[in-house]
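Text of final_0.txt (compact mmCIF, C-alpha atoms) as supplied:
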# COMPACT_ATOMS: atom_id res chain seq x y z
CA MET A 1 -4.65 10.95 -24.31
CA THR A 2 -4.93 11.90 -20.67
CA ASP A 3 -5.38 9.42 -17.86
CA THR A 4 -9.09 9.79 -17.37
CA GLY A 5 -10.40 6.30 -17.97
CA ARG A 6 -11.46 3.68 -15.47
CA LEU A 7 -8.80 1.64 -13.78
CA ILE A 8 -8.12 -1.66 -15.48
CA PRO A 9 -9.52 -4.35 -13.16
CA ARG A 10 -6.93 -6.18 -11.09
CA ARG A 11 -5.99 -9.64 -12.26
CA ARG A 12 -6.19 -11.33 -8.91
CA ASP A 13 -4.65 -14.51 -10.31
CA MET A 14 -1.48 -12.53 -10.99
CA HIS A 15 -1.27 -11.59 -7.29
CA PRO A 16 -0.57 -13.70 -4.20
CA VAL A 17 -3.36 -15.86 -2.88
CA PRO A 18 -4.74 -14.18 0.26
CA TYR A 19 -4.99 -17.48 2.14
CA ASP A 20 -1.94 -19.73 2.05
CA PRO A 21 -1.47 -22.51 4.66
CA GLU A 22 2.32 -22.29 4.30
CA TYR A 23 2.22 -18.65 5.45
CA LYS A 24 0.47 -19.14 8.75
CA THR A 25 -0.44 -15.57 9.60
CA SER A 26 -2.44 -15.31 6.39
CA LEU A 27 -4.93 -17.92 7.65
CA THR A 28 -6.67 -15.59 10.09
CA ARG A 29 -6.02 -12.39 8.16
CA SER A 30 -7.60 -13.19 4.80
CA PRO A 31 -11.25 -12.54 3.98
CA ASN A 32 -13.34 -15.70 3.69
CA LEU A 33 -15.99 -14.06 1.55
CA PRO A 34 -15.57 -12.87 -2.03
CA LEU A 35 -14.44 -9.31 -2.63
CA LEU A 36 -17.08 -7.02 -4.11
CA SER A 37 -15.91 -6.33 -7.68
CA LEU A 38 -16.90 -2.97 -9.14
CA GLU A 39 -15.79 -0.52 -11.79
CA SER A 40 -13.58 2.19 -10.37
CA THR A 41 -15.12 5.53 -9.39
CA PRO A 42 -13.55 8.94 -8.81
CA SER A 43 -12.79 7.76 -5.27
CA GLU A 44 -10.31 5.20 -6.65
CA GLU A 45 -9.18 7.15 -9.72
CA THR A 46 -7.97 10.15 -7.72
CA GLY A 47 -5.19 9.92 -5.18
CA PRO A 48 -2.71 11.87 -3.10
CA ARG A 49 0.13 13.73 -4.79
CA PHE A 50 3.41 14.48 -3.11
CA GLY A 51 5.71 17.29 -4.14
CA HIS A 52 9.49 17.53 -4.32
CA GLY A 53 9.39 19.68 -1.19
CA LEU A 54 8.74 16.49 0.74
CA ILE A 55 11.98 14.80 -0.20
CA GLY A 56 15.24 15.51 1.63
CA ALA A 57 18.65 15.23 -0.03
CA LEU A 58 19.54 11.96 1.72
CA ASP A 59 16.10 10.38 1.70
CA ASN A 60 17.00 7.86 -1.03
CA ASN A 61 20.40 7.08 0.46
CA LEU A 62 19.92 4.47 3.18
CA ILE A 63 23.67 4.22 3.67
CA LEU A 64 23.77 7.76 5.01
CA ASN A 65 20.26 8.95 5.89
CA PHE A 66 20.11 7.56 9.42
CA SER A 67 23.38 9.16 10.52
CA LYS A 68 22.60 12.35 8.58
CA GLY A 69 25.70 11.73 6.53
CA ALA A 70 28.01 11.35 9.52
CA ALA A 71 28.97 7.71 8.98
CA PRO A 72 28.05 5.01 6.45
CA ALA A 73 26.03 1.93 7.26
CA ILE A 74 27.81 -1.43 7.36
CA GLY A 75 27.22 -3.81 4.49
CA GLU A 76 27.64 -4.54 0.82
CA ARG A 77 26.90 -1.31 -1.01
CA ILE A 78 24.20 -1.61 -3.67
CA ARG A 79 22.14 0.63 -5.88
CA LEU A 80 18.50 -0.36 -6.42
CA HIS A 81 17.00 1.34 -9.44
CA GLY A 82 14.31 0.99 -12.04
CA ARG A 83 11.22 2.47 -13.59
CA VAL A 84 7.61 2.69 -12.49
CA VAL A 85 5.28 2.20 -15.46
CA ASP A 86 1.63 1.27 -15.81
CA GLU A 87 0.00 -1.66 -17.57
CA ASN A 88 -0.13 0.41 -20.75
CA ALA A 89 3.68 0.66 -20.52
CA ARG A 90 3.50 4.39 -19.85
CA PRO A 91 5.86 5.89 -17.27
CA VAL A 92 4.40 6.96 -13.92
CA PRO A 93 6.23 10.22 -13.22
CA HIS A 94 6.55 12.10 -9.92
CA THR A 95 5.16 9.33 -7.79
CA LEU A 96 6.33 8.44 -4.31
CA VAL A 97 8.37 5.26 -3.84
CA GLU A 98 9.17 4.19 -0.27
CA VAL A 99 11.42 1.32 0.80
CA TRP A 100 12.29 -0.43 4.05
CA GLN A 101 14.58 -3.30 4.85
CA ALA A 102 16.66 -5.19 7.40
CA ASN A 103 20.31 -4.31 7.95
CA ALA A 104 23.23 -6.33 6.64
CA GLY A 105 22.85 -8.82 9.49
CA GLY A 106 19.15 -9.38 8.84
CA ARG A 107 17.87 -7.25 11.73
CA TYR A 108 15.21 -4.54 11.54
CA ARG A 109 15.40 -1.45 13.67
CA HIS A 110 12.07 -2.20 15.32
CA VAL A 111 11.06 -2.86 18.89
CA LYS A 112 9.44 -6.15 17.87
CA ASP A 113 12.46 -7.56 16.04
CA THR A 114 14.28 -9.62 18.65
CA TYR A 115 16.66 -11.49 16.33
CA PHE A 116 20.10 -11.40 17.96
CA ALA A 117 21.94 -10.08 14.90
CA PRO A 118 23.19 -6.67 16.00
CA LEU A 119 21.73 -3.32 15.10
CA ASP A 120 23.98 -1.06 13.06
CA PRO A 121 24.14 2.36 14.77
CA ASN A 122 24.32 3.98 11.34
CA PHE A 123 21.46 2.17 9.64
CA GLY A 124 17.78 2.99 10.04
CA GLY A 125 16.34 1.02 7.15
CA CYS A 126 13.90 3.35 5.41
CA GLY A 127 14.13 5.56 2.34
CA ARG A 128 11.93 7.38 -0.14
CA THR A 129 12.09 9.19 -3.45
CA LEU A 130 9.90 10.53 -6.23
CA THR A 131 10.14 9.09 -9.71
CA ASP A 132 11.39 11.51 -12.35
CA GLU A 133 9.46 12.55 -15.46
CA ASN A 134 10.26 9.17 -17.04
CA GLY A 135 9.16 7.15 -14.04
CA TYR A 136 12.73 6.44 -13.01
CA TYR A 137 13.85 6.02 -9.38
CA GLU A 138 16.99 4.95 -7.54
CA PHE A 139 18.18 4.18 -4.03
CA LEU A 140 21.62 3.64 -2.58
CA THR A 141 21.59 1.13 0.25
CA ILE A 142 23.27 -1.96 1.63
CA ARG A 143 22.30 -5.49 0.75
CA PRO A 144 19.88 -6.66 3.44
CA GLY A 145 20.68 -9.89 5.24
CA ALA A 146 18.49 -12.97 5.20
CA TYR A 147 16.90 -13.75 8.55
CA PRO A 148 14.89 -16.45 10.32
CA TRP A 149 11.26 -15.91 11.22
CA PRO A 150 8.65 -17.82 13.18
CA ASN A 151 6.45 -19.70 10.73
CA ARG A 152 7.21 -23.34 9.98
CA GLY A 153 10.03 -25.06 11.84
CA ASN A 154 12.93 -23.37 10.08
CA ASP A 155 11.85 -20.59 7.74
CA TRP A 156 14.18 -17.86 6.50
CA ARG A 157 13.30 -14.78 4.52
CA PRO A 158 15.48 -14.32 1.44
CA MET A 159 17.26 -11.03 1.12
CA HIS A 160 14.54 -8.52 0.26
CA ILE A 161 13.60 -4.87 0.21
CA HIS A 162 9.99 -3.82 0.80
CA VAL A 163 8.74 -1.34 -1.81
CA SER A 164 5.64 0.86 -1.55
CA VAL A 165 4.35 2.79 -4.58
CA PHE A 166 1.45 5.21 -4.84
CA GLY A 167 0.84 5.87 -8.52
CA HIS A 168 -1.61 8.67 -9.21
CA SER A 169 -4.81 7.06 -8.01
CA PHE A 170 -5.74 5.42 -4.74
CA GLY A 171 -6.76 2.26 -6.58
CA GLN A 172 -3.18 1.81 -7.85
CA ARG A 173 -1.74 1.54 -4.35
CA LEU A 174 0.79 -1.28 -4.14
CA ILE A 175 3.24 -2.76 -1.68
CA THR A 176 5.60 -5.46 -2.87
CA GLN A 177 9.05 -6.89 -2.18
CA THR A 178 12.22 -7.00 -4.25
CA TYR A 179 14.29 -10.15 -4.14
CA PHE A 180 17.84 -10.55 -5.45
CA GLU A 181 18.97 -12.65 -8.38
CA GLY A 182 20.58 -15.91 -7.37
CA ASP A 183 19.33 -16.09 -3.78
CA PRO A 184 18.60 -19.78 -3.05
CA LEU A 185 16.21 -18.83 -0.25
CA ILE A 186 13.65 -17.38 -2.68
CA ALA A 187 12.55 -20.85 -3.74
CA ARG A 188 12.13 -21.85 -0.09
CA CYS A 189 10.22 -18.77 1.06
CA PRO A 190 6.52 -19.25 1.84
CA ILE A 191 5.85 -15.52 1.46
CA ALA A 192 7.40 -15.39 -2.01
CA ALA A 193 5.46 -18.58 -2.76
CA THR A 194 2.11 -16.88 -2.10
CA VAL A 195 2.55 -15.68 -5.70
CA LYS A 196 1.45 -18.76 -7.63
CA ASP A 197 2.19 -17.52 -11.14
CA ARG A 198 5.83 -18.35 -11.84
CA GLY A 199 6.31 -15.47 -14.26
CA GLN A 200 4.94 -13.02 -11.73
CA LEU A 201 7.28 -14.31 -9.03
CA ASP A 202 10.21 -13.98 -11.43
CA GLN A 203 9.22 -10.34 -11.88
CA LEU A 204 9.87 -9.77 -8.17
CA VAL A 205 13.51 -10.81 -8.54
CA ALA A 206 15.87 -7.97 -9.41
CA PRO A 207 18.69 -8.97 -11.76
CA LEU A 208 22.27 -7.91 -11.16
CA ASP A 209 22.83 -4.90 -13.42
CA MET A 210 26.57 -4.54 -13.97
CA ALA A 211 26.14 -1.72 -16.47
CA ALA A 212 24.54 0.40 -13.74
CA SER A 213 27.05 -0.53 -11.06
CA ARG A 214 30.01 1.69 -10.24
CA PRO A 215 33.52 0.23 -10.21
CA MET A 216 35.12 0.18 -6.77
CA ASP A 217 31.89 1.49 -5.20
CA TYR A 218 28.57 -0.37 -5.55
CA LEU A 219 26.76 -3.15 -7.40
CA ALA A 220 23.41 -2.36 -9.01
CA TYR A 221 20.15 -4.28 -9.14
CA ARG A 222 17.34 -3.35 -11.49
CA PHE A 223 13.73 -3.49 -10.30
CA ASP A 224 10.99 -2.25 -12.62
CA ILE A 225 7.48 -1.89 -11.20
CA VAL A 226 4.18 -2.08 -13.07
CA LEU A 227 1.10 -0.37 -11.59
CA ARG A 228 -2.50 -0.73 -12.68
CA GLY A 229 -3.27 1.21 -15.84
CA ARG A 230 -6.37 3.02 -16.99
CA ARG A 231 -8.56 2.09 -19.88
CA GLN A 232 -7.87 4.36 -22.80
CA THR A 233 -10.97 4.89 -24.88
CA MET A 234 -13.22 7.55 -26.34
CA PHE A 235 -16.34 5.65 -25.32
CA GLU A 236 -16.28 6.31 -21.59
CA ASN A 237 -19.06 8.89 -21.47
CA LYS A 238 -21.71 6.61 -22.88
CA PRO A 239 -23.93 4.61 -20.55
CA GLU A 240 -23.09 0.93 -20.34
CA GLY A 241 -24.30 -1.06 -23.30
CA MET A 242 -25.07 1.93 -25.51
CA MET B 1 -0.36 -16.04 -34.52
CA VAL B 2 -1.95 -12.72 -33.65
CA GLN B 3 -0.62 -9.24 -33.10
CA LYS B 4 1.33 -8.73 -29.90
CA LEU B 5 -0.32 -6.63 -27.20
CA GLY B 6 2.00 -4.06 -25.70
CA THR B 7 0.33 -4.25 -22.31
CA LEU B 8 2.08 -5.33 -19.13
CA THR B 9 0.93 -7.19 -16.04
CA GLU B 10 0.75 -5.39 -12.73
CA THR B 11 3.60 -6.27 -10.38
CA ALA B 12 2.52 -8.85 -7.83
CA SER B 13 1.78 -7.58 -4.34
CA GLN B 14 3.58 -8.91 -1.29
CA THR B 15 2.68 -8.50 2.35
CA GLY B 16 3.77 -5.27 4.00
CA GLY B 17 5.04 -7.47 6.81
CA PRO B 18 5.33 -6.71 10.51
CA TYR B 19 7.65 -3.74 9.98
CA VAL B 20 5.63 -1.77 7.43
CA HIS B 21 5.73 1.12 9.90
CA ILE B 22 9.50 1.48 9.43
CA GLY B 23 9.03 2.37 5.80
CA CYS B 24 5.77 4.30 5.96
CA ILE B 25 5.61 5.96 9.39
CA PRO B 26 9.15 5.70 10.76
CA THR B 27 8.66 8.17 13.61
CA PHE B 28 5.75 6.09 14.86
CA ALA B 29 7.98 3.01 14.49
CA GLY B 30 10.64 4.50 16.73
CA LEU B 31 12.96 5.95 14.09
CA PRO B 32 12.51 9.69 14.64
CA GLY B 33 14.54 12.13 12.64
CA VAL B 34 15.02 10.25 9.38
CA TYR B 35 12.27 12.47 7.95
CA PRO B 36 11.03 15.72 9.51
CA GLU B 37 7.68 14.06 10.18
CA ASP B 38 5.71 11.01 9.10
CA LEU B 39 3.77 11.20 5.87
CA GLY B 40 0.00 11.61 6.04
CA LEU B 41 -0.29 12.75 9.66
CA SER B 42 -3.54 14.55 8.91
CA PRO B 43 -5.92 14.74 5.94
CA ILE B 44 -6.94 18.27 6.89
CA ALA B 45 -5.29 21.55 7.82
CA ASP B 46 -6.70 24.26 10.05
CA GLY B 47 -9.68 25.93 8.45
CA ALA B 48 -10.90 22.91 6.52
CA LYS B 49 -14.57 23.43 5.75
CA GLY B 50 -17.01 20.94 7.16
CA GLU B 51 -17.71 19.01 10.32
CA VAL B 52 -14.61 17.81 12.10
CA ILE B 53 -15.11 14.18 13.07
CA THR B 54 -13.19 11.43 14.81
CA ILE B 55 -13.51 7.81 13.80
CA THR B 56 -12.16 5.17 16.16
CA GLY B 57 -12.15 1.44 15.75
CA SER B 58 -10.24 -1.79 15.79
CA ILE B 59 -9.38 -4.37 13.18
CA TYR B 60 -10.00 -7.98 14.19
CA ASP B 61 -8.47 -11.12 12.75
CA GLY B 62 -10.40 -14.35 12.31
CA THR B 63 -10.00 -15.28 15.97
CA GLY B 64 -11.49 -12.00 17.15
CA TRP B 65 -8.13 -10.62 18.21
CA ALA B 66 -7.66 -6.87 17.70
CA MET B 67 -4.56 -6.65 15.53
CA ARG B 68 -1.78 -4.46 16.87
CA ASP B 69 0.32 -4.23 13.73
CA ALA B 70 -2.06 -3.04 10.98
CA MET B 71 -1.49 0.16 9.05
CA PHE B 72 -4.21 2.11 7.28
CA GLU B 73 -4.39 4.73 4.59
CA SER B 74 -7.48 6.81 3.96
CA TRP B 75 -8.47 8.93 0.99
CA GLN B 76 -11.48 11.20 0.84
CA ALA B 77 -13.15 14.19 -0.74
CA ASP B 78 -13.56 17.57 0.95
CA GLY B 79 -16.70 18.73 2.72
CA ALA B 80 -18.34 19.48 -0.61
CA GLY B 81 -17.45 16.17 -2.24
CA ARG B 82 -14.47 17.38 -4.28
CA TYR B 83 -11.15 15.57 -4.47
CA PRO B 84 -8.01 17.68 -4.10
CA ASP B 85 -7.20 18.00 -7.81
CA GLN B 86 -10.72 19.03 -8.73
CA LEU B 87 -11.91 22.55 -9.48
CA GLY B 88 -12.97 24.43 -6.37
CA ALA B 89 -11.58 21.83 -3.95
CA ASP B 90 -10.91 23.04 -0.40
CA PRO B 91 -7.16 23.82 -0.22
CA ALA B 92 -7.19 22.87 3.47
CA VAL B 93 -8.12 19.27 2.63
CA ASN B 94 -5.32 17.08 1.25
CA GLY B 95 -7.57 14.05 1.69
CA PHE B 96 -4.87 11.55 2.63
CA CYS B 97 -4.09 10.07 6.03
CA ARG B 98 -1.92 7.28 7.35
CA PHE B 99 -2.69 5.83 10.74
CA ALA B 100 -1.95 2.67 12.62
CA ALA B 101 -3.47 0.41 15.20
CA ASP B 102 -2.16 1.21 18.67
CA LYS B 103 0.57 -1.26 19.60
CA ASP B 104 -1.01 -1.90 23.02
CA SER B 105 -4.77 -1.62 22.51
CA GLY B 106 -5.08 -2.21 18.78
CA GLU B 107 -7.36 0.79 18.45
CA PHE B 108 -6.97 3.32 15.64
CA THR B 109 -8.20 6.89 15.34
CA LEU B 110 -8.80 8.99 12.24
CA ARG B 111 -9.49 12.69 12.72
CA THR B 112 -10.79 14.43 9.63
CA ILE B 113 -13.76 16.31 8.23
CA LYS B 114 -16.82 14.49 7.07
CA PRO B 115 -16.64 14.33 3.26
CA GLY B 116 -19.48 15.43 1.02
CA ALA B 117 -21.29 13.20 -1.43
CA VAL B 118 -19.29 12.50 -4.60
CA LYS B 119 -20.73 12.33 -8.08
CA GLY B 120 -20.01 9.09 -9.92
CA HIS B 121 -19.29 8.77 -13.64
CA ASP B 122 -22.90 8.02 -14.41
CA GLY B 123 -24.05 11.12 -12.56
CA ARG B 124 -25.40 9.18 -9.59
CA MET B 125 -24.30 10.50 -6.23
CA MET B 126 -22.22 8.32 -3.93
CA ALA B 127 -23.11 8.86 -0.27
CA PRO B 128 -20.35 10.47 1.83
CA HIS B 129 -17.57 7.95 2.31
CA ILE B 130 -13.89 7.58 3.09
CA SER B 131 -11.83 5.04 1.15
CA VAL B 132 -9.56 2.88 3.30
CA TRP B 133 -6.62 0.66 2.38
CA ILE B 134 -5.29 -1.84 4.93
CA VAL B 135 -1.91 -3.55 5.07
CA ALA B 136 -0.35 -5.79 7.70
CA ARG B 137 1.65 -8.94 8.22
CA GLY B 138 -0.42 -11.82 6.85
CA ILE B 139 -2.31 -9.61 4.38
CA ASN B 140 -0.78 -10.56 1.04
CA ILE B 141 -2.48 -7.85 -0.98
CA GLY B 142 -3.75 -4.62 0.57
CA LEU B 143 -7.46 -4.60 1.34
CA HIS B 144 -9.74 -1.81 0.10
CA THR B 145 -12.93 -0.88 1.89
CA ARG B 146 -15.04 2.22 2.56
CA ILE B 147 -16.37 3.98 5.62
CA TYR B 148 -19.92 5.34 5.26
CA PHE B 149 -21.84 7.15 8.01
CA GLU B 150 -24.89 6.07 9.98
CA ASP B 151 -26.35 9.59 10.04
CA GLU B 152 -26.22 10.11 6.27
CA ASP B 153 -28.70 8.94 3.66
CA ASN B 154 -27.03 5.87 2.21
CA SER B 155 -30.15 4.50 0.55
CA ALA B 156 -29.18 5.45 -3.01
CA ASP B 157 -25.46 4.74 -2.86
CA PRO B 158 -24.50 2.69 -5.93
CA LEU B 159 -21.79 0.67 -4.19
CA LEU B 160 -23.88 -0.23 -1.15
CA ALA B 161 -26.71 -1.16 -3.51
CA ARG B 162 -24.49 -3.85 -5.03
CA ILE B 163 -24.20 -5.77 -1.75
CA GLU B 164 -26.59 -8.66 -2.11
CA GLN B 165 -26.78 -9.73 1.53
CA ARG B 166 -28.27 -6.59 3.04
CA PRO B 167 -27.04 -7.17 6.60
CA ARG B 168 -23.49 -6.94 5.25
CA VAL B 169 -24.08 -3.29 4.30
CA GLU B 170 -23.81 -2.53 8.02
CA THR B 171 -20.15 -3.55 7.98
CA LEU B 172 -19.35 -0.43 5.94
CA ILE B 173 -21.28 2.04 8.08
CA ALA B 174 -19.65 3.91 10.95
CA LYS B 175 -21.86 4.14 14.03
CA ARG B 176 -22.37 7.53 15.60
CA ILE B 177 -21.44 7.39 19.27
CA ALA B 178 -21.53 11.13 20.07
CA ALA B 179 -21.55 14.43 18.24
CA GLY B 180 -18.70 14.24 15.74
CA GLN B 181 -17.59 10.82 16.96
CA TYR B 182 -17.98 7.55 15.14
CA ARG B 183 -17.03 3.92 15.66
CA PHE B 184 -15.90 1.74 12.74
CA ASP B 185 -14.66 -1.79 13.39
CA ILE B 186 -13.16 -3.98 10.70
CA ARG B 187 -13.41 -7.78 10.72
CA LEU B 188 -11.11 -9.61 8.35
CA GLN B 189 -13.03 -12.89 8.42
CA GLY B 190 -15.79 -14.77 10.18
CA PRO B 191 -19.10 -13.47 11.54
CA GLY B 192 -19.61 -9.84 10.58
CA GLU B 193 -16.82 -9.98 8.01
CA THR B 194 -16.30 -6.52 6.51
CA VAL B 195 -17.09 -6.10 2.83
CA PHE B 196 -13.79 -5.65 1.00
CA LEU B 197 -13.60 -4.21 -2.47
CA ASP B 198 -12.06 -5.25 -5.77
CA ILE B 199 -12.40 -1.85 -7.36

Translate this structure into structure tokens?
Amino acid sequence: MTDTGRLIPRRRDMHPVPYDPEYKTSLTRSPNLPLLSLESTPSEETGPRFGHGLIGALDNNLILNFSKGAAPAIGERIRLHGRVVDENARPVPHTLVEVWQANAGGRYRHVKDTYFAPLDPNFGGCGRTLTDENGYYEFLTIRPGAYPWPNRGNDWRPMHIHVSVFGHSFGQRLITQTYFEGDPLIARCPIAATVKDRGQLDQLVAPLDMAASRPMDYLAYRFDIVLRGRRQTMFENKPEGM
Amino acid sequence: MVQKLGTLTETASQTGGPYVHIGCIPTFAGLPGVYPEDLGLSPIADGAKGEVITITGSIYDGTGWAMRDAMFESWQADGAGRYPDQLGADPAVNGFCRFAADKDSGEFTLRTIKPGAVKGHDGRMMAPHISVWIVARGINIGLHTRIYFEDEDNSADPLLARIEQRPRVETLIAKRIAAGQYRFDIRLQGPGETVFLDI
């Protein structure tokens, strides 16, 4: 059956709360009024597609892509990999996955990041790839450092990689963050804690995946991503209630 | 006990954070050269059919401050109301654009063609509109909204018709300020709060 049905409505209780006093910036950046809930239309069920012509050979290698292969970034070498599937457990093939992260010292290459950990001349901090026909993706990168940020008196972000996924329809658009198994800062992070469902937060933590790591080279972490699915039914063309 | 559903739960969103530009529009963020150019620079190519328009605006937080760090994505139909995959769609319209609030003024600009009306599943026409998705530090899950146009007939649009408090419809309608130029401001909360969509 082709993907022609309506998007399955979002379960907002499985997502972060928009307004969370422990994450101060959210207080003035969250709508006060209820969202308008509607069935998806072609405007949400269609979406941009990106071809393989977009992706350069080093785009998913953050260790080398900033220096164009001239010199590797500093840090603990890791592979981040997994599958993008939808709520119906079907792979999402050929979809764009983008990542960004701090360097090994916890510093972003950004004019607004003034943390005094040094920049790495060979690390930019962004990467992208398309999933294969089975929804599979992988990146080679360095483990990002934890870093302090201005929120409560002494807040630190756990090690994390930001992940952006398109899916095949604009209504599937998702940005999330990958955390790393065993990081004690996850439990203290007010941004991670905006996700109130414990099981959903656990799903943001990538387990160490020794079987996918390479001896004498890199460790691997597995991060599977679930996007909204589409209702699969033969009844879609009938008016509501008929 | 009952049968086990094989369905999964969507991965939880997290904020795009203050450095979302590094991952999505790195050249804009000051990292030129990682990619040949940023993704989604323009939703149209030369020769796109329809009226070329420019939409400018700002996005305000609950204190009335124009945010400097928001990033937007837009998605739209071509001048005849067809999305890129659909039969007969204008090949010069890819429909997708990424743009950001200016780091000094907070103002954003979207240059595109005005989309045509789009037919909904029930056959009713949706007035010309551009879908917008907003991410920023402090926004824990990306916000969906739509831009409609003051100089179009929006009276029969099914989505606008669902807004109970009629003055709030105005928050989704871009104001025409000159030929081909529109203004669309977004307010995250407080008086004039934009209608955001769960769609």

**Q.** Contact set, chain A to chain B: 6 Å, all atoms listed in the file, as number ranges by chain
**A.** A: 15, 18, 25-26, 28-29, 31-32, 35-40, 66, 87-88, 99-100, 126, 175-177, 225-228

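Considering the residues A:Ser30, A:Gly53, A:Ser169, A:Leu130 and counting only C-alpha atoms, Val17 in chain A has its shortest atom-to-atom contact with A:Ser30.
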
Q: Work out how far CA of Leu140 in chain A is from CA of Gly56 in chain A, in Å to one decimal.
A: 14.1 Å

Q: Quote the spacing between CA of Pro184 in chain A and CA of Pro158 in chain A in Å to one decimal place.
A: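 Between these atoms lies a distance of 7.7 Å.
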
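Ranking A:Lys112, A:Asp202, A:Asp183, A:Thr178 by their shortest atom-to-atom distance to Trp156 in chain A, with only C-alpha atoms included, puts A:Asp183 first.
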
Excluding Ile55 in chain B and its own-chain neighbours fewer than 6 positions away, which residues fall within 8 Å of it when counting all atoms listed in the file? Please give them as a compact mmCIF listing (two decimals) with C-alpha atoms, in the coordinates of the input.
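Saved the output as around_30.txt:
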# COMPACT_ATOMS: atom_id res chain seq x y z
CA THR B 109 -8.20 6.89 15.34
CA LEU B 110 -8.80 8.99 12.24
CA ARG B 111 -9.49 12.69 12.72
CA ALA B 174 -19.65 3.91 10.95
CA GLN B 181 -17.59 10.82 16.96
CA TYR B 182 -17.98 7.55 15.14
CA ARG B 183 -17.03 3.92 15.66
CA PHE B 184 -15.90 1.74 12.74

(Q) Nearest residue to Pro121 in chain A out of A:Val97, A:Ala71, A:Val165, A:Leu219, using all atoms listed in the file? (A)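 Nearest to Pro121 in chain A: A:Ala71.
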
Q.
Just to confirm, what's the straight-line distance from CA of Phe166 in chain A to CA of Thr171 in chain B in Å (one decimal)?
A.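 For CA of Phe166 in chain A relative to CA of Thr171 in chain B, the distance reads 26.6 Å.
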
Q | Best match for closeness to Phe123 in chain A among A:Gln200, A:Gln101, A:Gln232, A:Ser164, counting only C-alpha atoms | A | A:Gln101

Identify the residues within 12 Å of coordinate (0.3, -1.4, 20.6) (same frame as the file), considering only C-alpha atoms, and give the answer as a compact mmCIF listing (two decimals) with C-alpha atoms, in the coordinates of the input.
# COMPACT_ATOMS: atom_id res chain seq x y z
CA VAL A 111 11.06 -2.86 18.89
CA LYS A 112 9.44 -6.15 17.87
CA PHE B 28 5.75 6.09 14.86
CA ALA B 29 7.98 3.01 14.49
CA SER B 58 -10.24 -1.79 15.79
CA ALA B 66 -7.66 -6.87 17.70
CA MET B 67 -4.56 -6.65 15.53
CA ARG B 68 -1.78 -4.46 16.87
CA ASP B 69 0.32 -4.23 13.73
CA ALA B 70 -2.06 -3.04 10.98
CA MET B 71 -1.49 0.16 9.05
CA ALA B 100 -1.95 2.67 12.62
CA ALA B 101 -3.47 0.41 15.20
CA ASP B 102 -2.16 1.21 18.67
CA LYS B 103 0.57 -1.26 19.60
CA ASP B 104 -1.01 -1.90 23.02
CA SER B 105 -4.77 -1.62 22.51
CA GLY B 106 -5.08 -2.21 18.78
CA GLU B 107 -7.36 0.79 18.45
CA PHE B 108 -6.97 3.32 15.64

Q | Polymer residues at most 10 Å from (16.5, -10.5, 5.7) by only C-alpha atoms, as JSON, numbers by chain | A | {"A": [101, 102, 103, 104, 105, 106, 107, 108, 143, 144, 145, 146, 147, 148, 149, 156, 157, 158, 159, 160, 161]}

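Closest approach to Pro48 in chain A from the set A:Ala206, A:Leu96, A:Leu185, A:Val85 is made by A:Leu96, with distances taken over only C-alpha atoms.
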
As an mmCIF file, in the frame of the given file, could you write out range 8-15 of chain B once it has been completed with N, CA, C and O atoms?
data_model
loop_
_atom_site.group_PDB
_atom_site.id
_atom_site.type_symbol
_atom_site.label_atom_id
_atom_site.label_comp_id
_atom_site.auth_asym_id
_atom_site.auth_seq_id
_atom_site.Cartn_x
_atom_site.Cartn_y
_atom_site.Cartn_z
ATOM 1 N N LEU B 8 1.298 -4.651 -20.155
ATOM 2 C CA LEU B 8 2.080 -5.330 -19.130
ATOM 3 C C LEU B 8 1.154 -5.849 -18.043
ATOM 4 O O LEU B 8 -0.014 -5.468 -17.979
ATOM 5 N N THR B 9 1.695 -6.692 -17.187
ATOM 6 C CA THR B 9 0.930 -7.190 -16.040
ATOM 7 C C THR B 9 1.399 -6.473 -14.783
ATOM 8 O O THR B 9 2.605 -6.322 -14.559
ATOM 9 N N GLU B 10 0.434 -6.077 -13.980
ATOM 10 C CA GLU B 10 0.750 -5.390 -12.730
ATOM 11 C C GLU B 10 1.714 -6.228 -11.888
ATOM 12 O O GLU B 10 1.568 -7.450 -11.774
ATOM 13 N N THR B 11 2.679 -5.585 -11.274
ATOM 14 C CA THR B 11 3.600 -6.270 -10.380
ATOM 15 C C THR B 11 2.821 -6.923 -9.243
ATOM 16 O O THR B 11 1.896 -6.331 -8.686
ATOM 17 N N ALA B 12 3.214 -8.140 -8.900
ATOM 18 C CA ALA B 12 2.520 -8.850 -7.830
ATOM 19 C C ALA B 12 2.740 -8.157 -6.491
ATOM 20 O O ALA B 12 3.840 -7.700 -6.180
ATOM 21 N N SER B 13 1.686 -8.097 -5.706
ATOM 22 C CA SER B 13 1.780 -7.580 -4.340
ATOM 23 C C SER B 13 2.544 -8.572 -3.467
ATOM 24 O O SER B 13 2.644 -9.757 -3.771
ATOM 25 N N GLN B 14 3.081 -8.060 -2.379
ATOM 26 C CA GLN B 14 3.580 -8.910 -1.290
ATOM 27 C C GLN B 14 3.155 -8.258 0.018
ATOM 28 O O GLN B 14 2.925 -7.043 0.078
ATOM 29 N N THR B 15 3.097 -9.053 1.062
ATOM 30 C CA THR B 15 2.680 -8.500 2.350
ATOM 31 C C THR B 15 3.580 -7.329 2.770
ATOM 32 O O THR B 15 4.787 -7.338 2.503
#
